$ cat work.csv   # CSV, C-alpha atoms
chain,number,residue,atom,x,y,z
A,1,MET,CA,-13.7,24.4,-37.2
A,2,ASP,CA,-16.7,25.7,-35.4
A,3,ALA,CA,-16.3,25.3,-31.6
A,4,ARG,CA,-19.9,26.2,-30.9
A,5,PRO,CA,-21.8,23.1,-29.9
A,6,HIS,CA,-24.4,22.0,-32.5
A,7,ILE,CA,-27.9,21.6,-31.1
A,8,LEU,CA,-30.6,20.0,-33.2
A,9,ILE,CA,-34.2,20.8,-32.1
A,10,VAL,CA,-36.8,18.4,-33.5
A,11,ASP,CA,-40.4,19.5,-33.0
A,12,ASP,CA,-43.2,20.2,-35.4
A,13,SER,CA,-44.3,23.3,-33.6
A,14,ASP,CA,-42.7,26.5,-34.9
A,15,ALA,CA,-43.6,28.3,-31.6
A,16,VAL,CA,-41.7,25.8,-29.6
A,17,THR,CA,-38.6,25.5,-31.8
A,18,GLY,CA,-38.6,29.3,-32.2
A,19,ALA,CA,-38.3,29.8,-28.4
A,20,LEU,CA,-35.6,27.1,-28.0
A,21,ARG,CA,-33.7,28.6,-31.0
A,22,VAL,CA,-33.5,32.0,-29.3
A,23,LEU,CA,-32.4,30.3,-26.0
A,24,PHE,CA,-29.6,28.3,-27.5
A,25,GLU,CA,-28.4,30.8,-30.1
A,26,GLU,CA,-28.2,33.5,-27.5
A,27,THR,CA,-26.1,31.2,-25.2
A,28,GLY,CA,-23.4,30.3,-27.6
A,29,HIS,CA,-24.8,27.3,-29.5
A,30,ASP,CA,-25.3,26.6,-33.2
A,31,VAL,CA,-28.9,25.6,-33.8
A,32,SER,CA,-30.6,23.5,-36.4
A,33,VAL,CA,-34.3,22.9,-36.4
A,34,ALA,CA,-36.2,20.0,-37.9
A,35,ALA,CA,-40.0,19.6,-38.0
A,36,SER,CA,-40.1,16.0,-39.1
A,37,LEU,CA,-38.1,12.7,-38.8
A,38,THR,CA,-36.9,13.0,-42.4
A,39,ASP,CA,-35.7,16.6,-41.8
A,40,ALA,CA,-33.9,15.5,-38.6
A,41,VAL,CA,-32.1,12.7,-40.3
A,42,GLY,CA,-31.1,15.1,-43.1
A,43,VAL,CA,-29.6,17.6,-40.6
A,44,ALA,CA,-27.6,14.9,-38.8
A,45,ALA,CA,-26.3,13.5,-42.1
A,46,ALA,CA,-25.1,17.0,-43.2
A,47,ARG,CA,-23.3,17.9,-40.0
A,48,ALA,CA,-22.5,16.1,-36.7
A,49,VAL,CA,-24.9,16.9,-33.9
A,50,ASP,CA,-23.8,17.4,-30.3
A,51,VAL,CA,-27.2,17.4,-28.7
A,52,MET,CA,-30.5,16.5,-30.2
A,53,LEU,CA,-33.7,17.6,-28.4
A,54,LEU,CA,-36.3,15.3,-29.7
A,55,ASP,CA,-40.1,15.6,-29.5
A,56,LEU,CA,-41.7,12.2,-29.6
A,57,THR,CA,-44.8,13.0,-31.7
A,58,LEU,CA,-43.9,14.0,-35.2
A,59,PRO,CA,-46.0,14.2,-38.3
A,60,ASP,CA,-44.2,11.4,-40.0
A,61,GLY,CA,-43.9,9.1,-37.0
A,62,ASP,CA,-42.5,8.3,-33.6
A,63,GLY,CA,-39.6,10.6,-32.8
A,64,LEU,CA,-37.6,7.8,-31.3
A,65,SER,CA,-37.3,6.1,-34.7
A,66,ALA,CA,-35.2,9.1,-35.9
A,67,LEU,CA,-32.6,8.0,-33.3
A,68,THR,CA,-32.8,4.4,-34.6
A,69,THR,CA,-32.3,5.5,-38.2
A,70,MET,CA,-29.4,7.8,-37.3
A,71,ARG,CA,-27.7,5.0,-35.4
A,72,ALA,CA,-28.0,2.7,-38.3
A,73,ARG,CA,-26.4,5.3,-40.5
A,74,ALA,CA,-23.7,6.1,-37.9
A,75,ILE,CA,-24.8,9.7,-37.6
A,76,GLU,CA,-26.2,9.5,-34.1
A,77,PRO,CA,-25.9,12.7,-32.0
A,78,ARG,CA,-23.5,12.6,-29.1
A,79,VAL,CA,-26.4,13.0,-26.7
A,80,THR,CA,-30.2,12.8,-27.3
A,81,ALA,CA,-32.8,14.0,-24.9
A,82,ALA,CA,-36.5,13.4,-25.3
A,83,LEU,CA,-38.8,16.3,-24.8
A,84,THR,CA,-42.3,15.1,-24.0
A,85,GLY,CA,-45.6,16.5,-22.7
A,86,HIS,CA,-45.9,13.8,-20.0
A,87,ALA,CA,-43.5,12.1,-17.7
A,88,GLU,CA,-45.2,8.7,-17.6
A,89,PRO,CA,-42.9,5.9,-16.5
A,90,GLU,CA,-43.6,3.8,-19.6
A,91,ILE,CA,-42.7,6.7,-22.0
A,92,ALA,CA,-39.5,7.4,-20.0
A,93,ALA,CA,-38.6,3.7,-20.1
A,94,ARG,CA,-39.1,3.6,-23.9
A,95,CYS,CA,-36.9,6.6,-24.4
A,96,THR,CA,-34.2,5.3,-22.2
A,97,ALA,CA,-34.3,1.9,-24.0
A,98,ALA,CA,-34.0,3.8,-27.3
A,99,GLY,CA,-30.8,5.5,-26.0
A,100,CYS,CA,-32.0,8.9,-24.8
A,101,ARG,CA,-29.8,10.4,-22.1
A,102,ALA,CA,-32.7,12.2,-20.4
A,103,VAL,CA,-36.4,12.5,-20.7
A,104,LEU,CA,-37.5,16.1,-20.1
A,105,VAL,CA,-41.1,17.3,-19.6
A,106,LYS,CA,-42.1,20.4,-21.7
A,107,PRO,CA,-41.8,23.2,-20.9
A,108,VAL,CA,-38.4,22.4,-19.3
A,109,PRO,CA,-37.4,25.3,-17.1
A,110,ILE,CA,-34.7,27.0,-19.2
A,111,ALA,CA,-32.2,27.1,-16.4
A,112,GLU,CA,-32.4,23.3,-16.1
A,113,LEU,CA,-32.3,22.8,-19.9
A,114,LEU,CA,-29.2,25.0,-20.3
A,115,ALA,CA,-27.4,23.4,-17.4
A,116,ARG,CA,-28.1,19.9,-18.9
A,117,VAL,CA,-27.0,20.9,-22.4
A,118,ARG,CA,-23.8,22.6,-21.1
A,119,GLU,CA,-23.0,19.5,-19.1
A,120,TRP,CA,-23.4,17.3,-22.2
A,121,THR,CA,-21.4,19.6,-24.5
A,122,ARG,CA,-18.5,20.3,-22.0
A,123,PRO,CA,-15.2,19.6,-23.8
A,124,ARG,CA,-13.9,16.3,-22.5
A,125,ASP,CA,-10.8,16.3,-20.3
A,126,PRO,CA,-7.7,15.8,-22.2
B,127,MET,CA,-114.2,-7.8,-26.3
B,128,HIS,CA,-112.8,-10.1,-28.9
B,129,PRO,CA,-111.2,-13.3,-27.7
B,130,VAL,CA,-107.4,-13.0,-27.9
B,131,ASP,CA,-105.1,-15.8,-29.1
B,132,SER,CA,-102.6,-15.8,-26.2
B,133,SER,CA,-99.8,-17.5,-28.2
B,134,THR,CA,-100.0,-14.8,-30.9
B,135,THR,CA,-99.9,-12.1,-28.2
B,136,ALA,CA,-96.9,-13.6,-26.5
B,137,GLU,CA,-95.1,-13.9,-29.8
B,138,HIS,CA,-95.9,-10.3,-30.6
B,139,ARG,CA,-94.6,-9.2,-27.2
B,140,VAL,CA,-91.4,-11.1,-27.7
B,141,VAL,CA,-90.9,-9.4,-31.0
B,142,GLN,CA,-91.6,-6.0,-29.5
B,143,LEU,CA,-89.2,-6.7,-26.6
B,144,GLU,CA,-86.5,-7.8,-29.1
B,145,GLU,CA,-86.9,-4.6,-31.1
B,146,ALA,CA,-86.7,-2.5,-27.9
B,147,LEU,CA,-83.6,-4.3,-26.9
B,148,ASN,CA,-82.0,-3.8,-30.3
B,149,GLU,CA,-82.9,-0.1,-30.2
B,150,ALA,CA,-81.4,0.2,-26.7
B,151,ALA,CA,-78.2,-1.5,-27.8
B,152,GLN,CA,-77.9,0.8,-30.7
B,153,VAL,CA,-78.4,3.9,-28.6
B,154,ASN,CA,-75.9,2.6,-26.1
B,155,ALA,CA,-73.3,2.0,-28.9
B,156,GLU,CA,-73.9,5.5,-30.2
B,157,LEU,CA,-73.4,7.0,-26.7
B,158,GLN,CA,-70.2,5.1,-26.2
B,159,SER,CA,-68.8,6.2,-29.5
B,160,ARG,CA,-69.7,9.8,-28.7
B,161,ASP,CA,-68.1,9.5,-25.3
B,162,ALA,CA,-64.9,8.1,-26.9
B,163,LEU,CA,-65.0,11.1,-29.3
B,164,LYS,CA,-65.3,13.5,-26.5
B,165,THR,CA,-62.4,11.9,-24.6
B,166,GLN,CA,-60.2,12.1,-27.7
B,167,PHE,CA,-61.2,15.7,-28.2
B,168,LEU,CA,-60.2,16.5,-24.7
B,169,ALA,CA,-56.8,14.8,-25.2
B,170,ASN,CA,-56.2,16.6,-28.5
B,171,ILE,CA,-57.3,20.0,-27.2
B,172,SER,CA,-55.0,19.6,-24.2
B,173,HIS,CA,-52.1,18.9,-26.5
B,174,ASP,CA,-52.9,21.9,-28.6
B,175,LEU,CA,-53.1,24.1,-25.6
B,176,ARG,CA,-49.8,22.9,-24.1
B,177,THR,CA,-47.8,23.6,-27.2
B,178,PRO,CA,-48.3,27.4,-27.4
B,179,LEU,CA,-48.1,27.5,-23.6
B,180,THR,CA,-44.7,25.8,-23.8
B,181,ALA,CA,-43.5,28.5,-26.2
B,182,ILE,CA,-44.9,31.4,-24.1
B,183,ILE,CA,-43.3,30.1,-20.9
B,184,THR,CA,-40.0,29.5,-22.5
B,185,HIS,CA,-39.9,32.9,-24.2
B,186,ALA,CA,-40.8,34.6,-20.9
B,187,GLU,CA,-38.1,32.7,-19.0
B,188,ILE,CA,-35.6,33.8,-21.6
B,189,LEU,CA,-36.6,37.4,-20.9
B,190,ARG,CA,-36.7,36.9,-17.1
B,191,ASP,CA,-33.2,35.4,-17.0
B,192,GLY,CA,-31.8,38.4,-18.9
B,193,ILE,CA,-30.6,36.2,-21.9
B,194,LEU,CA,-31.7,38.9,-24.3
B,195,GLY,CA,-30.5,41.8,-22.1
B,196,PRO,CA,-31.0,43.1,-18.6
B,197,LEU,CA,-34.5,43.9,-17.3
B,198,SER,CA,-35.6,46.4,-14.6
B,199,ASP,CA,-37.0,45.0,-11.4
B,200,ARG,CA,-40.5,45.9,-12.5
B,201,GLN,CA,-40.1,44.3,-15.9
B,202,ARG,CA,-38.8,41.2,-14.3
B,203,ASP,CA,-41.8,41.0,-11.9
B,204,SER,CA,-44.1,41.5,-14.8
B,205,VAL,CA,-42.4,38.7,-16.8
B,206,ALA,CA,-42.4,36.5,-13.7
B,207,SER,CA,-46.2,36.9,-13.6
B,208,ILE,CA,-46.5,35.7,-17.2
B,209,ILE,CA,-44.6,32.6,-16.2
B,210,GLY,CA,-46.6,32.1,-13.1
B,211,GLY,CA,-49.9,32.4,-15.0
B,212,GLY,CA,-48.6,30.2,-17.8
B,213,ARG,CA,-47.6,27.4,-15.3
B,214,GLN,CA,-51.0,27.7,-13.6
B,215,LEU,CA,-52.8,27.3,-16.9
B,216,LEU,CA,-50.5,24.4,-17.8
B,217,ALA,CA,-51.5,22.6,-14.6
B,218,ALA,CA,-55.2,23.1,-15.4
B,219,VAL,CA,-54.6,21.7,-18.9
B,220,GLY,CA,-52.7,18.8,-17.5
B,221,GLU,CA,-55.6,18.0,-15.2
B,222,ILE,CA,-58.0,17.9,-18.1
B,223,LEU,CA,-55.7,15.6,-20.0
B,224,THR,CA,-55.3,13.3,-16.9
B,225,TYR,CA,-59.1,13.3,-16.6
B,226,ALA,CA,-59.6,12.4,-20.3
B,227,ARG,CA,-57.1,9.5,-20.0
B,228,GLY,CA,-58.8,8.3,-16.9
B,229,ALA,CA,-62.2,8.4,-18.6
B,230,ALA,CA,-60.8,6.5,-21.5
B,231,ASN,CA,-59.3,3.9,-19.1
B,232,GLN,CA,-55.9,4.8,-20.4
B,233,LEU,CA,-54.3,5.5,-17.0
B,234,THR,CA,-52.1,2.7,-15.9
B,235,VAL,CA,-50.4,2.0,-12.6
B,236,SER,CA,-46.6,1.7,-12.4
B,237,PRO,CA,-46.0,0.5,-8.9
B,238,SER,CA,-42.8,0.9,-6.9
B,239,GLU,CA,-41.9,0.7,-3.3
B,240,PHE,CA,-41.7,4.1,-1.5
B,241,HIS,CA,-42.4,5.7,1.8
B,242,ILE,CA,-45.4,8.1,2.0
B,243,ALA,CA,-43.4,10.4,4.4
B,244,ALA,CA,-41.1,11.3,1.4
B,245,VAL,CA,-44.1,12.2,-0.8
B,246,VAL,CA,-45.7,14.3,2.0
B,247,ALA,CA,-42.4,16.1,2.6
B,248,GLN,CA,-42.0,16.8,-1.1
B,249,VAL,CA,-45.5,18.1,-1.6
B,250,SER,CA,-45.4,20.2,1.6
B,251,ALA,CA,-42.1,21.8,0.6
B,252,LEU,CA,-43.5,22.7,-2.8
B,253,ASN,CA,-46.5,24.4,-1.2
B,254,GLU,CA,-44.5,26.2,1.5
B,255,PRO,CA,-44.3,29.5,-0.4
B,256,LEU,CA,-48.1,29.5,-1.1
B,257,ILE,CA,-48.8,28.7,2.6
B,258,ALA,CA,-46.6,31.6,3.7
B,259,LYS,CA,-48.1,33.9,1.2
B,260,LYS,CA,-51.7,33.1,2.4
B,261,GLY,CA,-50.7,33.4,6.0
B,262,LEU,CA,-51.6,29.8,6.9
B,263,SER,CA,-49.8,27.4,9.1
B,264,LEU,CA,-49.0,23.8,8.1
B,265,ARG,CA,-48.5,20.9,10.4
B,266,VAL,CA,-47.2,17.5,9.2
B,267,ASP,CA,-47.4,14.5,11.5
B,268,VAL,CA,-46.2,11.1,10.2
B,269,ALA,CA,-46.5,8.2,12.7
B,270,SER,CA,-43.3,6.4,13.3
B,271,ASP,CA,-44.6,2.9,12.4
B,272,ILE,CA,-45.7,3.6,8.8
B,273,PRO,CA,-44.8,0.7,6.5
B,274,SER,CA,-43.6,1.5,3.0
B,275,LEU,CA,-46.2,1.4,0.2
B,276,VAL,CA,-46.2,-0.4,-3.1
B,277,ALA,CA,-48.1,1.9,-5.4
B,278,ASP,CA,-47.7,4.4,-8.3
B,279,ARG,CA,-45.7,7.0,-6.6
B,280,GLU,CA,-46.4,9.7,-9.2
B,281,GLN,CA,-50.1,9.1,-8.8
B,282,VAL,CA,-50.0,9.2,-5.0
B,283,THR,CA,-48.0,12.4,-5.2
B,284,HIS,CA,-50.7,13.8,-7.4
B,285,VAL,CA,-53.4,13.0,-4.9
B,286,VAL,CA,-51.6,14.5,-1.9
B,287,SER,CA,-50.8,17.5,-4.0
B,288,ASN,CA,-54.4,18.0,-5.0
B,289,LEU,CA,-55.8,17.6,-1.5
B,290,LEU,CA,-53.2,20.0,0.0
B,291,GLY,CA,-53.8,22.5,-2.9
B,292,ASN,CA,-57.5,22.4,-2.1
B,293,ALA,CA,-56.9,22.8,1.6
B,294,ILE,CA,-54.8,25.9,1.0
B,295,ALA,CA,-57.2,27.3,-1.6
B,296,PHE,CA,-60.3,27.0,0.6
B,297,THR,CA,-58.8,28.2,3.9
B,298,PRO,CA,-58.7,31.9,4.7
B,299,ALA,CA,-55.7,33.7,6.1
B,300,GLY,CA,-54.8,32.8,9.6
B,301,GLY,CA,-56.2,29.3,9.2
B,302,ARG,CA,-54.5,25.9,9.8
B,303,VAL,CA,-53.8,23.1,7.4
B,304,TRP,CA,-52.5,19.7,8.4
B,305,VAL,CA,-51.4,16.4,7.0
B,306,THR,CA,-51.5,13.4,9.2
B,307,VAL,CA,-50.3,9.9,8.3
B,308,LEU,CA,-51.4,6.8,10.2
B,309,SER,CA,-51.2,3.1,9.9
B,310,THR,CA,-54.5,1.3,10.3
B,311,ARG,CA,-55.2,-2.4,10.4
B,312,ASP,CA,-58.3,-4.5,10.3
B,313,ALA,CA,-58.8,-8.3,10.3
B,314,GLN,CA,-57.9,-8.6,6.6
B,315,SER,CA,-55.3,-6.0,5.8
B,316,GLN,CA,-53.1,-3.1,6.8
B,317,HIS,CA,-53.5,0.4,5.3
B,318,VAL,CA,-51.6,3.6,5.2
B,319,GLN,CA,-54.1,6.4,5.9
B,320,VAL,CA,-53.4,10.0,4.9
B,321,GLU,CA,-55.5,12.9,6.3
B,322,VAL,CA,-55.4,16.4,4.8
B,323,GLY,CA,-57.4,18.7,6.9
B,324,ASP,CA,-58.0,22.4,7.1
B,325,THR,CA,-60.0,25.0,9.1
B,326,GLY,CA,-61.4,26.5,5.9
B,327,ILE,CA,-64.9,27.1,4.6
B,328,GLY,CA,-66.0,23.5,4.7
B,329,ILE,CA,-68.5,21.5,2.6
B,330,ALA,CA,-72.1,20.9,3.5
B,331,PRO,CA,-72.9,17.2,4.0
B,332,GLU,CA,-75.3,17.2,1.0
B,333,HIS,CA,-72.4,18.2,-1.2
B,334,HIS,CA,-70.0,15.5,-0.1
B,335,ASP,CA,-70.9,13.2,-2.9
B,336,LEU,CA,-70.8,16.1,-5.4
B,337,VAL,CA,-67.2,17.0,-4.9
B,338,PHE,CA,-65.9,13.7,-6.3
B,339,ARG,CA,-68.2,13.9,-9.3
B,340,GLU,CA,-66.7,15.0,-12.6
B,341,PHE,CA,-67.3,18.6,-13.7
B,342,ALA,CA,-69.3,19.3,-10.5
B,343,GLN,CA,-68.4,22.3,-8.4
B,344,VAL,CA,-70.2,23.2,-5.2
B,345,ASP,CA,-70.5,26.7,-6.6
B,346,PRO,CA,-70.4,26.5,-10.4
B,347,SER,CA,-71.4,30.1,-11.0
B,348,PRO,CA,-69.0,32.3,-13.1
B,349,SER,CA,-68.8,34.6,-10.0
B,350,ARG,CA,-67.6,31.9,-7.8
B,351,ARG,CA,-64.7,32.8,-5.5
B,352,HIS,CA,-62.7,29.5,-6.1
B,353,HIS,CA,-61.8,28.6,-9.6
B,354,GLY,CA,-60.6,25.3,-11.1
B,355,THR,CA,-61.5,22.7,-13.6
B,356,GLY,CA,-63.7,20.9,-11.1
B,357,LEU,CA,-61.8,17.7,-12.0
B,358,GLY,CA,-59.2,17.6,-9.2
B,359,LEU,CA,-61.1,15.4,-6.8
B,360,THR,CA,-62.6,13.2,-9.6
B,361,ILE,CA,-59.0,12.5,-10.7
B,362,ALA,CA,-57.9,12.0,-7.1
B,363,ARG,CA,-60.6,9.4,-6.5
B,364,ARG,CA,-59.8,7.6,-9.7
B,365,LEU,CA,-56.1,7.5,-8.9
B,366,VAL,CA,-56.7,6.3,-5.3
B,367,GLU,CA,-59.0,3.6,-6.6
B,368,LEU,CA,-56.6,2.6,-9.4
B,369,ASN,CA,-54.1,2.0,-6.6
B,370,GLY,CA,-56.5,-0.2,-4.7
B,371,GLY,CA,-57.5,2.4,-2.0
B,372,ARG,CA,-60.4,4.6,-1.1
B,373,ILE,CA,-61.0,8.3,-0.5
B,374,TRP,CA,-63.6,10.1,1.6
B,375,LEU,CA,-64.2,13.3,3.5
B,376,GLU,CA,-65.6,14.6,6.8
B,377,SER,CA,-66.8,18.2,6.7
B,378,ARG,CA,-69.5,20.6,7.6
B,379,LEU,CA,-70.1,24.1,6.2
B,380,GLY,CA,-67.9,26.6,8.0
B,381,GLU,CA,-66.1,24.0,10.1
B,382,GLY,CA,-63.2,23.0,7.8
B,383,SER,CA,-62.7,19.8,5.9
B,384,ARG,CA,-60.8,16.6,6.5
B,385,PHE,CA,-60.1,14.5,3.4
B,386,PHE,CA,-58.8,11.0,3.9
B,387,PHE,CA,-57.4,8.4,1.7
B,388,ALA,CA,-56.2,4.9,2.6
B,389,LEU,CA,-54.0,2.7,0.5
B,390,PRO,CA,-53.4,-1.0,1.2
B,391,VAL,CA,-49.9,-2.0,2.3
B,392,GLY,CA,-48.6,-4.1,-0.6
B,393,ASP,CA,-46.1,-6.8,-1.0
B,394,MET,CA,-43.3,-6.4,-3.5
B,395,ARG,CA,-43.4,-10.1,-4.5
$ encode --input "work.csv" --output "structure tokens"
Amino acid sequence: MDARPHILIVDDSDAVTGALRVLFEETGHDVSVAASLTDAVGVAAARAVDVMLLDLTLPDGDGLSALTTMRARAIEPRVTAALTGHAEPEIAARCTAAGCRAVLVKPVPIAELLARVREWTRPRDP
Amino acid sequence: MHPVDSSTTAEHRVVQLEEALNEAAQVNAELQSRDALKTQFLANISHDLRTPLTAIITHAEILRDGILGPLSDRQRDSVASIIGGGRQLLAAVGEILTYARGAANQLTVSPSEFHIAAVVAQVSALNEPLIAKKGLSLRVDVASDIPSLVADREQVTHVVSNLLGNAIAFTPAGGRVWVTVLSTRDAQSQHVQVEVGDTGIGIAPEHHDLVFREFAQVDPSPSRRHHGTGLGLTIARRLVELNGGRIWLESRLGEGSRFFFALPVGDMR
């Protein structure tokens, strides 16, 4: 069994996912990348996801609907955090209502992003 | 001269007027649709600028924090400058996007109850390094009897941040910058009034109106000493007005500036 936490980055920009892939791979995580809702659901179906970092605007629809689909198929990640361009209260409220643990504004300072992901992937106390 | 049938003339004038009105309505509709296109363009371009910037800043932070291996001090300083420049650019892009949303009436107010002193303290703390770097002094005075506000906290923070940022940018080394919060009351209502003042270069009275106008800069030349989108105060005014308040300034060239805004004290019910 792989002990490295599995991070799924969902964003349609190669530039953004490329940077986050380097960050998480170099800090001891397994990384999957999806550029669409369909791809994201496919990744989660193939292997359990510990943390999903989810962009809200994807070519095939609203990012949050990926979460809804995954929940319906019982393949929901342990933790989902929304990554958005803007921290407007109504967007934040929508993300929280959909089940996101956090709403982070891009570009999230990497120290903060790493700290949050490590907190979410810390092994639970026995 | 031929005699004129007055009823025919009147009918003819009515037709002419109707045609002119139709034409004006068409031109107006055309202008509105172009304005909407422009606004949408600004929103799209802002998004397209933010995405690569996000990647640049993230990569630079990965380097700075030594995740790909240790850097020398000079390398780290250089990378830190990339991050600083990137964040500055991001702020300018954010400003354009906020402006575009404001112009399209897409800005909404999410009111909550908060104390202005907390906002002023937060914005002052964020600007402390810049104030020290420029050799300025900052004084914050908040009267003890200030009631809490019911307004959009994020938007009010944006306004204070914009005014303080301008005060710092337009005040030469050794100058003073201050933020003063008062409670004012007239027959109808009570207001919280915030003043952001400086001993900087000041603004000539004939330019007072201009500074709140979109895209207007007192010195628009490419060689100007102070850069920016020229949208900061337009946005500030829009945000203050969205929250039911007003914004104004007192300034003369060479004698510093005092920007004020006042927000009504609301009721949570």
$ closest_atom_pairs --input "work.csv" --of "chain A" --to "chain B" --cutoff "8 Å" --atoms "only C-alpha atoms" --output "CSV"
residue,atom,partner,partner_atom,distance
A:Ser13,CA,B:Thr177,CA,7.3
A:Ala15,CA,B:Ala181,CA,5.4
A:Val16,CA,B:Ala181,CA,4.7
A:Gly18,CA,B:Ala181,CA,7.8
A:Ala19,CA,B:His185,CA,5.5
A:Leu20,CA,B:Thr184,CA,7.4
A:Leu23,CA,B:Ile188,CA,6.5
A:Glu26,CA,B:Ile193,CA,6.7
A:Thr27,CA,B:Ile193,CA,7.5
A:Gly85,CA,B:Arg176,CA,7.8
A:Pro89,CA,B:Ser236,CA,6.9
A:Lys106,CA,B:Thr180,CA,6.4
A:Pro107,CA,B:Thr180,CA,4.9
A:Val108,CA,B:Thr184,CA,8.0
A:Pro109,CA,B:Thr184,CA,7.3
A:Ile110,CA,B:Glu187,CA,6.6
$ closest_residue --input "work.csv" --among "A:Leu113, A:Ala40, A:Ala66, A:Leu53" --to "A:Ala98" --atoms "all atoms listed in the file"
A:Ala66
$ closest_residue --input "work.csv" --among "B:Ser250, B:Ser274, B:Gln214, B:Asn148" --to "B:Ser287" --atoms "only C-alpha atoms"
B:Ser250
$ closest_residue --input "work.csv" --among "B:Arg364, B:Arg160, B:Arg372, B:His241" --to "B:Val307" --atoms "only C-alpha atoms"
B:His241
$ closest_residue --input "work.csv" --among "B:Gly382, B:Pro390, B:Gly326, B:Gly192" --to "B:Asn369" --atoms "all atoms listed in the file"
B:Pro390
$ residues_around --input "work.csv" --residues "A:Ala92" --least-positions-apart "2" --cutoff "9 Å" --atoms "only C-alpha atoms" --output "ChimeraX atom specification"
/A:82,87-90,94-97,102-104
$ atom_distance --input "work.csv" --atom1 "atom CA of A:Asp11" --atom2 "atom CA of A:Ala93"
20.5 Å
$ atom_distance --input "work.csv" --atom1 "atom CA of A:Gly99" --atom2 "atom CA of A:Gly28"
25.9 Å
